[in-house]
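Shown next: start13.pdb, given as PDB, C-alpha atoms and all ligand atoms.
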```
ATOM      1  CA  MET A  19       0.000   0.000   0.000
ATOM      2  CA  LYS A  20       2.855   2.414   0.599
ATOM      3  CA  ASN A  21       3.046   3.402  -3.061
ATOM      4  CA  GLU A  22      -0.603   4.309  -2.967
ATOM      5  CA  GLU A  23      -0.224   7.350  -0.724
ATOM      6  CA  PRO A  24      -2.262  10.136  -2.284
ATOM      7  CA  VAL A  25      -0.037  12.743  -3.890
ATOM      8  CA  VAL A  26      -2.332  15.396  -2.537
ATOM      9  CA  PRO A  27      -4.601  14.717   0.401
ATOM     10  CA  ALA A  28      -8.228  14.366  -0.656
ATOM     11  CA  PRO A  29     -10.545  16.763   1.157
ATOM     12  CA  ARG A  30     -11.967  15.023   4.198
ATOM     13  CA  LYS A  31     -15.641  15.203   3.550
ATOM     14  CA  ASP A  32     -15.297  13.724   0.077
ATOM     15  CA  SER A  33     -12.674  11.091   0.705
ATOM     16  CA  ARG A  34     -15.256   8.338   0.922
ATOM     17  CA  SER A  35     -15.037   5.895  -1.965
ATOM     18  CA  PRO A  36     -17.734   6.920  -4.470
ATOM     19  CA  ARG A  37     -20.240   4.179  -5.150
ATOM     20  CA  ARG A  38     -21.053   2.580  -8.428
ATOM     21  CA  HIS A  39     -23.550   4.343 -10.636
ATOM     22  CA  PRO A  40     -25.479   1.742 -12.628
ATOM     23  CA  HIS A  41     -26.630   4.018 -15.441
ATOM     24  CA  GLY A  42     -23.620   5.447 -17.206
ATOM     25  CA  THR A  43     -21.512   8.222 -15.819
ATOM     26  CA  MET A  44     -23.759  11.261 -15.411
ATOM     27  CA  ASN A  45     -23.066  12.807 -12.038
ATOM     28  CA  THR A  46     -20.265  10.365 -11.325
ATOM     29  CA  PRO A  47     -16.712  11.446 -10.621
ATOM     30  CA  LEU A  48     -15.748  10.423 -14.176
ATOM     31  CA  ALA A  49     -17.430  13.606 -15.412
ATOM     32  CA  ASN A  50     -14.946  15.587 -13.292
ATOM     33  CA  ILE A  51     -11.876  14.001 -14.856
ATOM     34  CA  ARG A  52     -10.415  16.210 -17.606
ATOM     35  CA  ILE A  53      -8.304  14.665 -20.296
ATOM     36  CA  VAL A  54      -5.979  17.472 -21.396
ATOM     37  CA  LEU A  55      -4.104  17.156 -24.685
ATOM     38  CA  VAL A  56      -1.275  19.661 -25.052
ATOM     39  CA  GLY A  57      -0.115  20.886 -28.462
ATOM     40  CA  THR A  58      -1.457  17.905 -30.388
ATOM     41  CA  GLN A  59       0.021  17.799 -33.879
ATOM     42  CA  HIS A  60      -2.211  15.263 -35.670
ATOM     43  CA  PRO A  61      -5.947  15.990 -35.524
ATOM     44  CA  GLY A  62      -6.606  12.273 -36.067
ATOM     45  CA  ASN A  63      -5.155  11.651 -32.606
ATOM     46  CA  ILE A  64      -7.644  14.107 -31.101
ATOM     47  CA  GLY A  65     -10.489  12.159 -32.711
ATOM     48  CA  SER A  66      -9.095   8.795 -31.591
ATOM     49  CA  ALA A  67      -8.592  10.127 -28.067
ATOM     50  CA  ALA A  68     -12.241  11.291 -27.970
ATOM     51  CA  ARG A  69     -13.337   7.826 -29.016
ATOM     52  CA  ALA A  70     -11.078   6.156 -26.435
ATOM     53  CA  MET A  71     -12.572   8.395 -23.764
ATOM     54  CA  LYS A  72     -16.186   7.814 -24.723
ATOM     55  CA  THR A  73     -15.829   4.015 -24.657
ATOM     56  CA  MET A  74     -14.723   4.319 -21.027
ATOM     57  CA  GLY A  75     -17.365   6.816 -19.931
ATOM     58  CA  LEU A  76     -15.157   9.929 -19.958
ATOM     59  CA  SER A  77     -16.399  13.100 -21.599
ATOM     60  CA  ALA A  78     -14.337  16.107 -20.517
ATOM     61  CA  LEU A  79     -11.776  16.686 -23.278
ATOM     62  CA  HIS A  80      -9.621  19.813 -23.129
ATOM     63  CA  LEU A  81      -7.284  20.910 -25.910
ATOM     64  CA  VAL A  82      -4.358  23.225 -25.329
ATOM     65  CA  ALA A  83      -3.199  24.980 -28.526
ATOM     66  CA  PRO A  84      -3.828  22.098 -30.931
ATOM     67  CA  GLU A  85      -2.019  22.551 -34.269
ATOM     68  CA  ARG A  86      -5.135  21.825 -36.344
ATOM     69  CA  PHE A  87      -8.635  21.711 -34.884
ATOM     70  CA  PRO A  88     -11.429  21.386 -35.838
ATOM     71  CA  ASP A  89     -10.384  19.144 -38.688
ATOM     72  CA  PRO A  90     -12.086  16.461 -40.811
ATOM     73  CA  ASP A  91      -9.490  13.889 -39.656
ATOM     74  CA  ALA A  92     -10.477  14.464 -36.047
ATOM     75  CA  SER A  93     -14.169  13.960 -36.814
ATOM     76  CA  MET A  94     -13.470  10.869 -38.915
ATOM     77  CA  LEU A  95     -11.447   9.095 -36.232
ATOM     78  CA  ALA A  96     -13.832  10.093 -33.459
ATOM     79  CA  ALA A  97     -16.398   7.776 -35.112
ATOM     80  CA  GLY A  98     -19.464   8.092 -32.847
ATOM     81  CA  ALA A  99     -17.723  10.274 -30.293
ATOM     82  CA  ASP A 100     -18.282  13.609 -32.049
ATOM     83  CA  ASP A 101     -20.229  14.805 -29.024
ATOM     84  CA  VAL A 102     -17.019  14.617 -26.981
ATOM     85  CA  LEU A 103     -15.160  16.511 -29.734
ATOM     86  CA  ASP A 104     -17.865  19.147 -30.084
ATOM     87  CA  ALA A 105     -17.875  19.800 -26.349
ATOM     88  CA  ALA A 106     -14.063  19.919 -26.107
ATOM     89  CA  GLY A 107     -12.665  22.960 -24.333
ATOM     90  CA  ARG A 108      -9.997  24.937 -26.215
ATOM     91  CA  HIS A 109      -7.352  26.835 -24.308
ATOM     92  CA  PRO A 110      -4.367  28.997 -25.270
ATOM     93  CA  ASP A 111      -2.149  27.506 -22.547
ATOM     94  CA  LEU A 112      -2.005  24.715 -19.995
ATOM     95  CA  ASP A 113      -2.844  26.932 -17.020
ATOM     96  CA  ALA A 114      -6.167  27.860 -18.597
ATOM     97  CA  ALA A 115      -7.023  24.171 -19.136
ATOM     98  CA  LEU A 116      -6.200  23.327 -15.538
ATOM     99  CA  ALA A 117      -8.244  26.113 -13.954
ATOM    100  CA  GLY A 118     -10.127  24.772 -10.940
ATOM    101  CA  CYS A 119      -8.402  21.355 -10.915
ATOM    102  CA  HIS A 120      -7.218  20.211  -7.500
ATOM    103  CA  LEU A 121      -5.213  17.238  -8.690
ATOM    104  CA  VAL A 122      -3.145  17.251 -11.887
ATOM    105  CA  LEU A 123      -1.186  14.270 -13.172
ATOM    106  CA  GLY A 124       1.066  14.396 -16.231
ATOM    107  CA  THR A 125       1.828  11.431 -18.460
ATOM    108  CA  SER A 126       5.312  10.828 -19.735
ATOM    109  CA  ALA A 127       6.870   8.008 -21.704
ATOM    110  CA  ARG A 128      10.351   8.580 -20.353
ATOM    111  CA  ARG A 129      11.918   9.705 -17.117
ATOM    112  CA  ARG A 130      12.770  13.356 -17.231
ATOM    113  CA  HIS A 131      15.081  15.412 -15.127
ATOM    114  CA  VAL A 132      12.183  16.665 -13.086
ATOM    115  CA  PRO A 133      12.150  15.333  -9.538
ATOM    116  CA  MET A 134       8.562  14.314  -8.915
ATOM    117  CA  PRO A 135       6.678  11.251  -7.720
ATOM    118  CA  GLU A 136       5.915   8.698 -10.417
ATOM    119  CA  LEU A 137       2.709   6.650 -10.411
ATOM    120  CA  SER A 138       1.618   3.574 -12.329
ATOM    121  CA  PRO A 139      -1.520   3.962 -14.459
ATOM    122  CA  ARG A 140      -3.493   2.014 -11.838
ATOM    123  CA  GLN A 141      -2.322   4.122  -8.922
ATOM    124  CA  ALA A 142      -2.967   7.268 -10.939
ATOM    125  CA  ALA A 143      -6.482   6.189 -11.891
ATOM    126  CA  ARG A 144      -7.417   5.354  -8.310
ATOM    127  CA  GLN A 145      -6.165   8.685  -7.035
ATOM    128  CA  LEU A 146      -7.814  10.673  -9.805
ATOM    129  CA  PHE A 147     -11.115   8.897  -9.346
ATOM    130  CA  ALA A 148     -11.124   9.338  -5.582
ATOM    131  CA  ALA A 149     -10.158  13.008  -5.858
ATOM    132  CA  ALA A 150     -12.713  13.669  -8.617
ATOM    133  CA  ALA A 151     -15.507  13.190  -6.090
ATOM    134  CA  ALA A 152     -14.494  16.581  -4.677
ATOM    135  CA  GLY A 153     -14.161  18.537  -7.921
ATOM    136  CA  PRO A 154     -12.310  18.704 -11.236
ATOM    137  CA  VAL A 155      -9.014  16.867 -11.713
ATOM    138  CA  ALA A 156      -6.822  16.546 -14.815
ATOM    139  CA  LEU A 157      -4.712  14.025 -16.628
ATOM    140  CA  VAL A 158      -2.348  15.717 -19.083
ATOM    141  CA  PHE A 159      -0.889  14.273 -22.299
ATOM    142  CA  GLY A 160       1.949  15.699 -24.368
ATOM    143  CA  ARG A 161       2.798  16.291 -28.015
ATOM    144  CA  GLU A 162       3.367  13.369 -30.340
ATOM    145  CA  ARG A 163       6.943  14.335 -31.170
ATOM    146  CA  THR A 164       8.262  15.802 -27.961
ATOM    147  CA  GLY A 165       5.823  14.992 -25.157
ATOM    148  CA  LEU A 166       5.357  17.475 -22.319
ATOM    149  CA  GLU A 167       7.961  20.153 -21.683
ATOM    150  CA  ASN A 168       9.624  20.105 -18.279
ATOM    151  CA  ALA A 169       7.828  23.290 -17.275
ATOM    152  CA  GLU A 170       4.478  21.672 -18.149
ATOM    153  CA  LEU A 171       5.330  18.536 -16.197
ATOM    154  CA  GLN A 172       6.208  20.715 -13.235
ATOM    155  CA  ARG A 173       2.623  21.963 -13.185
ATOM    156  CA  CYS A 174       1.619  18.379 -12.285
ATOM    157  CA  HIS A 175       1.499  16.825  -8.820
ATOM    158  CA  ALA A 176       2.961  13.572 -10.124
ATOM    159  CA  ALA A 177       4.005  11.858 -13.341
ATOM    160  CA  VAL A 178       2.305   8.780 -14.741
ATOM    161  CA  ALA A 179       4.265   6.268 -16.811
ATOM    162  CA  ILE A 180       2.738   3.325 -18.640
ATOM    163  CA  PRO A 181       5.274   0.558 -17.958
ATOM    164  CA  ALA A 182       6.024  -0.158 -21.607
ATOM    165  CA  ASP A 183       9.085  -1.966 -22.973
ATOM    166  CA  PRO A 184      11.990   0.355 -22.083
ATOM    167  CA  ALA A 185      13.484  -0.310 -25.502
ATOM    168  CA  TYR A 186      10.384   1.174 -27.182
ATOM    169  CA  SER A 187       8.325   2.902 -24.569
ATOM    170  CA  SER A 188       6.479   5.604 -26.448
ATOM    171  CA  LEU A 189       2.851   4.764 -27.231
ATOM    172  CA  ASN A 190       0.773   6.565 -29.799
ATOM    173  CA  LEU A 191      -0.941   9.467 -28.039
ATOM    174  CA  ALA A 192      -4.491   8.081 -28.421
ATOM    175  CA  ALA A 193      -3.320   4.613 -27.361
ATOM    176  CA  ALA A 194      -1.893   6.137 -24.181
ATOM    177  CA  VAL A 195      -5.220   7.903 -23.588
ATOM    178  CA  GLN A 196      -6.990   4.551 -24.023
ATOM    179  CA  VAL A 197      -4.802   2.787 -21.452
ATOM    180  CA  LEU A 198      -5.390   5.477 -18.835
ATOM    181  CA  ALA A 199      -9.098   5.774 -19.689
ATOM    182  CA  TYR A 200      -9.475   2.032 -19.156
ATOM    183  CA  GLU A 201      -7.791   2.246 -15.762
ATOM    184  CA  LEU A 202     -10.115   5.095 -14.833
ATOM    185  CA  ARG A 203     -13.034   2.920 -15.871
ATOM    186  CA  LEU A 204     -11.815   0.099 -13.629
ATOM    187  CA  ALA A 205     -11.416   2.526 -10.754
ATOM    188  CA  SER A 206     -14.984   3.747 -11.325
ATOM    189  CA  LEU A 207     -16.376   0.216 -11.226
ATOM    190  CA  GLY A 208     -15.201  -0.247  -7.663
ATOM    191  CA  ASP A 209     -12.198  -1.577  -5.836
ATOM    192  CA  ASP A 210     -12.748  -5.228  -6.748
ATOM    193  CA  ALA A 211     -12.349  -4.612 -10.451
ATOM    194  CA  GLY A 212      -8.992  -2.973  -9.969
ATOM    195  CA  GLN A 213      -7.561  -5.514  -7.579
ATOM    196  CA  VAL A 214      -4.523  -7.397  -8.737
ATOM    197  CA  SER A 215      -4.007 -10.129  -6.189
ATOM    198  CA  GLY A 216      -3.648 -10.893  -2.557
ATOM    199  CA  SER A 217      -7.202 -10.541  -1.436
ATOM    200  CA  VAL A 218     -10.242 -12.713  -1.292
ATOM    201  CA  PRO A 219     -12.561 -12.228  -4.276
ATOM    202  CA  ARG A 220     -16.039 -11.386  -3.075
ATOM    203  CA  PRO A 221     -19.125 -13.189  -4.332
ATOM    204  CA  GLY A 222     -21.388 -11.419  -6.797
ATOM    205  CA  PRO A 223     -24.410  -9.518  -5.489
ATOM    206  CA  GLU A 224     -26.904 -12.297  -6.399
ATOM    207  CA  GLU A 225     -25.970 -14.527  -3.454
ATOM    208  CA  PRO A 226     -24.972 -13.646   0.080
ATOM    209  CA  PRO A 227     -21.371 -14.496   0.942
ATOM    210  CA  ALA A 228     -20.965 -17.654   2.982
ATOM    211  CA  THR A 229     -20.856 -16.956   6.691
ATOM    212  CA  ALA A 230     -18.011 -18.156   8.873
ATOM    213  CA  ASP A 231     -20.207 -20.824  10.461
ATOM    214  CA  GLU A 232     -21.411 -22.112   7.078
ATOM    215  CA  LEU A 233     -17.762 -22.456   6.100
ATOM    216  CA  GLU A 234     -16.925 -24.250   9.354
ATOM    217  CA  ARG A 235     -19.723 -26.712   8.700
ATOM    218  CA  LEU A 236     -18.383 -27.216   5.163
ATOM    219  CA  PHE A 237     -14.890 -27.948   6.512
ATOM    220  CA  GLY A 238     -16.276 -30.363   9.105
ATOM    221  CA  HIS A 239     -18.272 -32.110   6.405
ATOM    222  CA  LEU A 240     -15.230 -32.238   4.095
ATOM    223  CA  ASP A 241     -13.104 -33.722   6.867
ATOM    224  CA  GLN A 242     -15.679 -36.422   7.509
ATOM    225  CA  ALA A 243     -16.232 -37.166   3.820
ATOM    226  CA  LEU A 244     -12.495 -37.546   3.181
ATOM    227  CA  ALA A 245     -12.378 -40.045   6.035
ATOM    228  CA  ASP A 246     -15.419 -41.892   4.670
ATOM    229  CA  ILE A 247     -13.863 -42.323   1.225
ATOM    230  CA  ASP A 248     -10.541 -43.284   2.877
ATOM    231  CA  PHE A 249      -8.711 -40.446   1.172
ATOM    232  CA  HIS A 250      -5.917 -40.249   3.743
ATOM    233  CA  LYS A 251      -4.927 -43.929   3.716
ATOM    234  CA  GLY A 252      -3.810 -43.787   7.337
ATOM    235  CA  LYS A 253      -1.842 -40.503   7.013
ATOM    236  CA  PRO A 254      -2.771 -37.662   9.378
ATOM    237  CA  PRO A 255      -5.467 -35.458   7.764
ATOM    238  CA  GLU A 256      -4.299 -32.102   9.199
ATOM    239  CA  MET A 257      -1.988 -30.966   6.406
ATOM    240  CA  VAL A 258      -4.496 -31.664   3.662
ATOM    241  CA  MET A 259      -7.290 -30.015   5.616
ATOM    242  CA  GLN A 260      -5.159 -26.904   6.110
ATOM    243  CA  ARG A 261      -4.526 -26.640   2.374
ATOM    244  CA  LEU A 262      -8.171 -27.218   1.523
ATOM    245  CA  ARG A 263      -9.227 -24.558   3.985
ATOM    246  CA  ARG A 264      -6.848 -22.128   2.360
ATOM    247  CA  LEU A 265      -8.166 -23.035  -1.071
ATOM    248  CA  PHE A 266     -11.822 -22.539  -0.150
ATOM    249  CA  LEU A 267     -11.217 -19.350   1.793
ATOM    250  CA  ARG A 268      -9.319 -17.920  -1.166
ATOM    251  CA  ALA A 269     -12.253 -18.697  -3.428
ATOM    252  CA  GLY A 270     -14.629 -16.343  -1.574
ATOM    253  CA  LEU A 271     -17.561 -18.774  -1.676
ATOM    254  CA  ASP A 272     -21.169 -17.708  -1.469
ATOM    255  CA  SER A 273     -23.918 -19.581   0.407
ATOM    256  CA  ARG A 274     -25.201 -21.357  -2.633
ATOM    257  CA  GLU A 275     -21.765 -22.592  -3.641
ATOM    258  CA  VAL A 276     -21.293 -23.995  -0.128
ATOM    259  CA  LYS A 277     -24.602 -25.870  -0.494
ATOM    260  CA  ILE A 278     -23.493 -27.325  -3.855
ATOM    261  CA  LEU A 279     -20.172 -28.480  -2.415
ATOM    262  CA  ARG A 280     -21.910 -30.057   0.559
ATOM    263  CA  GLY A 281     -24.320 -31.815  -1.815
ATOM    264  CA  ILE A 282     -21.345 -33.316  -3.649
ATOM    265  CA  LEU A 283     -19.798 -34.437  -0.351
ATOM    266  CA  SER A 284     -23.054 -36.082   0.772
ATOM    267  CA  GLU A 285     -23.236 -37.924  -2.536
ATOM    268  CA  ALA A 286     -19.627 -39.110  -2.172
ATOM    269  CA  GLN A 287     -20.411 -40.354   1.359
ATOM    270  CA  ARG A 288     -23.495 -42.165   0.091
ATOM    271  CA  MET A 289     -21.457 -43.886  -2.628
ATOM    272  CA  ALA A 290     -18.776 -44.839  -0.100
ATOM    273  CA  ARG A 291     -21.449 -46.399   2.122
ATOM    274  CA  LEU A 292     -22.867 -48.342  -0.831
ATOM    275  CA  ALA A 293     -19.402 -49.556  -1.830
ATOM    276  CA  GLY A 294     -18.697 -50.519   1.766
ATOM    277  CA  GLY A 295     -21.970 -52.458   1.910
ATOM    278  CA  ARG A 296     -21.060 -54.389  -1.263
ATOM    279  CA  GLN A 297     -17.648 -55.331   0.124
ATOM    280  CA  ALA A 298     -19.108 -56.528   3.416
TER     281      ALA A 298
HETATM  282  N1  LIG B 301       8.788  11.449 -27.962
HETATM  283  C1  LIG B 301       7.832  11.784 -26.975
HETATM  284  C2  LIG B 301       6.699  10.819 -27.049
HETATM  285  C3  LIG B 301       5.434  11.430 -26.851
HETATM  286  S1  LIG B 301       4.143  10.300 -27.099
HETATM  287  C4  LIG B 301       8.461  11.722 -25.579
HETATM  288  O1  LIG B 301       9.509  11.175 -25.490
HETATM  289  O2  LIG B 301       7.892  12.189 -24.610
HETATM  290  C5  LIG B 301       2.783  11.390 -26.853
HETATM  291  C6  LIG B 301       2.183  11.356 -25.477
HETATM  292  O3  LIG B 301       1.596  10.090 -25.239
HETATM  293  C7  LIG B 301       3.155  11.576 -24.335
HETATM  294  O4  LIG B 301       3.442  12.924 -24.122
HETATM  295  C8  LIG B 301       2.355  11.002 -23.210
HETATM  296  O5  LIG B 301       1.349  11.910 -22.855
HETATM  297  C9  LIG B 301       1.708   9.792 -23.862
HETATM  298  N2  LIG B 301       2.515   8.561 -23.713
HETATM  299  C10 LIG B 301       3.072   7.823 -24.692
HETATM  300  N3  LIG B 301       3.724   6.762 -24.179
HETATM  301  C11 LIG B 301       3.547   6.812 -22.852
HETATM  302  C12 LIG B 301       3.979   5.997 -21.760
HETATM  303  N4  LIG B 301       4.708   4.888 -21.925
HETATM  304  N5  LIG B 301       3.595   6.361 -20.502
HETATM  305  C13 LIG B 301       2.861   7.466 -20.292
HETATM  306  N6  LIG B 301       2.432   8.271 -21.289
HETATM  307  C14 LIG B 301       2.769   7.966 -22.548
END
```
Please render this file's structure as structure tokens.
Amino acid sequence: MKNEEPVVPAPRKDSRSPRRHPHGTMNTPLANIRIVLVGTQHPGNIGSAARAMKTMGLSALHLVAPERFPDPDASMLAAGADDVLDAAGRHPDLDAALAGCHLVLGTSARRRHVPMPELSPRQAARQLFAAAAAGPVALVFGRERTGLENAELQRCHAAVAIPADPAYSSLNLAAAVQVLAYELRLASLGDDAGQVSGSVPRPGPEEPPATADELERLFGHLDQALADIDFHKGKPPEMVMQRLRRLFLRAGLDSREVKILRGILSEAQRMARLAGGRQA
């Protein structure tokens, strides 16, 4: 967790994790996340970036001194995302695009000689999403040829680097927007979607999670069933039971899944009894 320290503290009253909004992104923090493109050279990239944003529920596009815009290439590559293009803010400089933003992160393909914290796309997305509950935040992208200037990067609270192959680390501008937009989407869908590993997956909302006592009864049943089918062949059962416990706890079972497993165990016990009866 230590890399996940917020680069700026979120205001107290809004630091609660925003909940999922089932119907699109109106009134969700995603609407407060500005994607700022600085000095874009190819209008096609502006269109592709708008499309990348719209697929992930983002809508606030801000353009700082684009070389050519509006432009037919931008509209063509935006496909169905012309609404994002049409609503795009246009600004003469970066400061104007960042007005009102209380968290600003700048993307960069390579390490620059600017001492500043560096975040992964996932860390950046989580922080932006959490902070966006309190007001506008920005994620800034640089020019195709030269990226962001040092002075522009210094306007940012932290840098974000997509961990690409160091031998060829520079993504196409719109592709970089897509990667970050996707991470923002995951952040907006709740913590579970963004989790990498190391925690118990929770059951879906259809079924209640298994309670601790349901699980204990499952483990007791499993222990007995393994004995009934003579699984251990005289060896002590503790080690196997420990591993099976770990396995089932990791799985994050719900009540119904516990019932199914116990049904299977009962069936195995019944078959073992039948087999035992035949042998006798
Ligand atoms: N030659 C430029 C490349 C710019 S690519 C440079 O060295 O900076 C255009 C923009 O796409 C970058 O400014 C950045 O906003 C984004 N981008 C491309 N690759 C990226 C990466 N690996 N991590 C973060 N952002 C990246």
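Candidate residues A:Leu262, A:Ala194, A:Ile282, A:Met134 were compared for distance to ligand LIG 301 (chain B), and the nearest is A:Ala194, using only C-alpha atoms and all ligand atoms.
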Inset, instruction - Check the smallest atom-to-atom distance from each of A:Ala142, A:Ala176, A:Ala105, A:Val195 to ligand LIG 301 (chain B) using only C-alpha atoms and all ligand atoms, then report the winner. - result: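 Closest residue, counting only C-alpha atoms and all ligand atoms: A:Val195.
In terms of minimum interatomic distance to Leu244 of chain A, A:Leu283 ranks closest within A:Leu283, A:Arg274, A:Met257, A:Leu123, counting all atoms listed in the file.
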Could you work out an axis-aligned bounding box for all listed atoms of segment 238-242 of chain A, with 5 Å added on each of the six sides, and give its centre and edge lengths in Å to one decimal, as lines of an AutoDock Vina configuration file?
```
center_x = -15.7
center_y = -33.4
center_z = 6.6
size_x = 15.2
size_y = 16.1
size_z = 15.0
```
Legend entry - Between atom CA of Phe147 of chain A and atom CA of Asp111 of chain A, distance in Å (one decimal):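 Atom-to-atom, atom CA of Phe147 of chain A and atom CA of Asp111 of chain A are spaced 24.5 Å apart.
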Inset, instruction - Excluding Asp91 of chain A and any residue of its chain fewer than 4 positions from it, enumerate the residues within 9 Å of it, using all atoms listed in the file, and give them as JSON, numbers by chain. - result: {"A": [60, 61, 62, 63, 64, 65, 95, 96]}
Legend entry - Coordinates-based distance that separates atom CA of Pro139 of chain A from atom CA of Glu170 of chain A (Å, one decimal):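 Distance reported for this atom pair: 19.1 Å.
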Inset, instruction - For ligand LIG 301 (chain B), list the contacting residues at 10 Å or closer, counting all atoms listed in the file, as a ChimeraX atom specification. - result: /A:54-59,63,124-130,137-139,157-167,171,177-184,186-195,197-198
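In terms of minimum interatomic distance to Gln260 of chain A, A:Asp241 ranks closest within A:Glu275, A:Asp241, A:Ala115, A:His120, counting all atoms listed in the file.
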Legend entry - Distance of atom CA of Ala269 of chain A from atom CA of Ile247 of chain A, expressed in Å to one decimal place: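 That distance, rounded to one decimal, is 24.1 Å.
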Legend entry - Radius query 9 Å about (-6.4, 19.6, -18.4), atoms used: all atoms listed in the file, as a ChimeraX atom specification: /A:51-56,78-82,112-117,119,122,155-159
Near Glu285 of chain A, counting only C-alpha atoms, which residues have an atom at most 12 Å away, once you skip same-chain residues fewer than 3 positions from it, shown as a tab-separated table (two decimals) with C-alpha atoms, in the frame of the given file?
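Okay, around.tsv is ready:
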```tsv
chain	number	residue	atom	x	y	z
A	239	HIS	CA	-18.27	-32.11	6.40
A	240	LEU	CA	-15.23	-32.24	4.10
A	243	ALA	CA	-16.23	-37.17	3.82
A	246	ASP	CA	-15.42	-41.89	4.67
A	247	ILE	CA	-13.86	-42.32	1.23
A	278	ILE	CA	-23.49	-27.32	-3.86
A	279	LEU	CA	-20.17	-28.48	-2.42
A	280	ARG	CA	-21.91	-30.06	0.56
A	281	GLY	CA	-24.32	-31.82	-1.82
A	282	ILE	CA	-21.34	-33.32	-3.65
A	288	ARG	CA	-23.50	-42.16	0.09
A	289	MET	CA	-21.46	-43.89	-2.63
A	290	ALA	CA	-18.78	-44.84	-0.10
A	291	ARG	CA	-21.45	-46.40	2.12
A	292	LEU	CA	-22.87	-48.34	-0.83
```
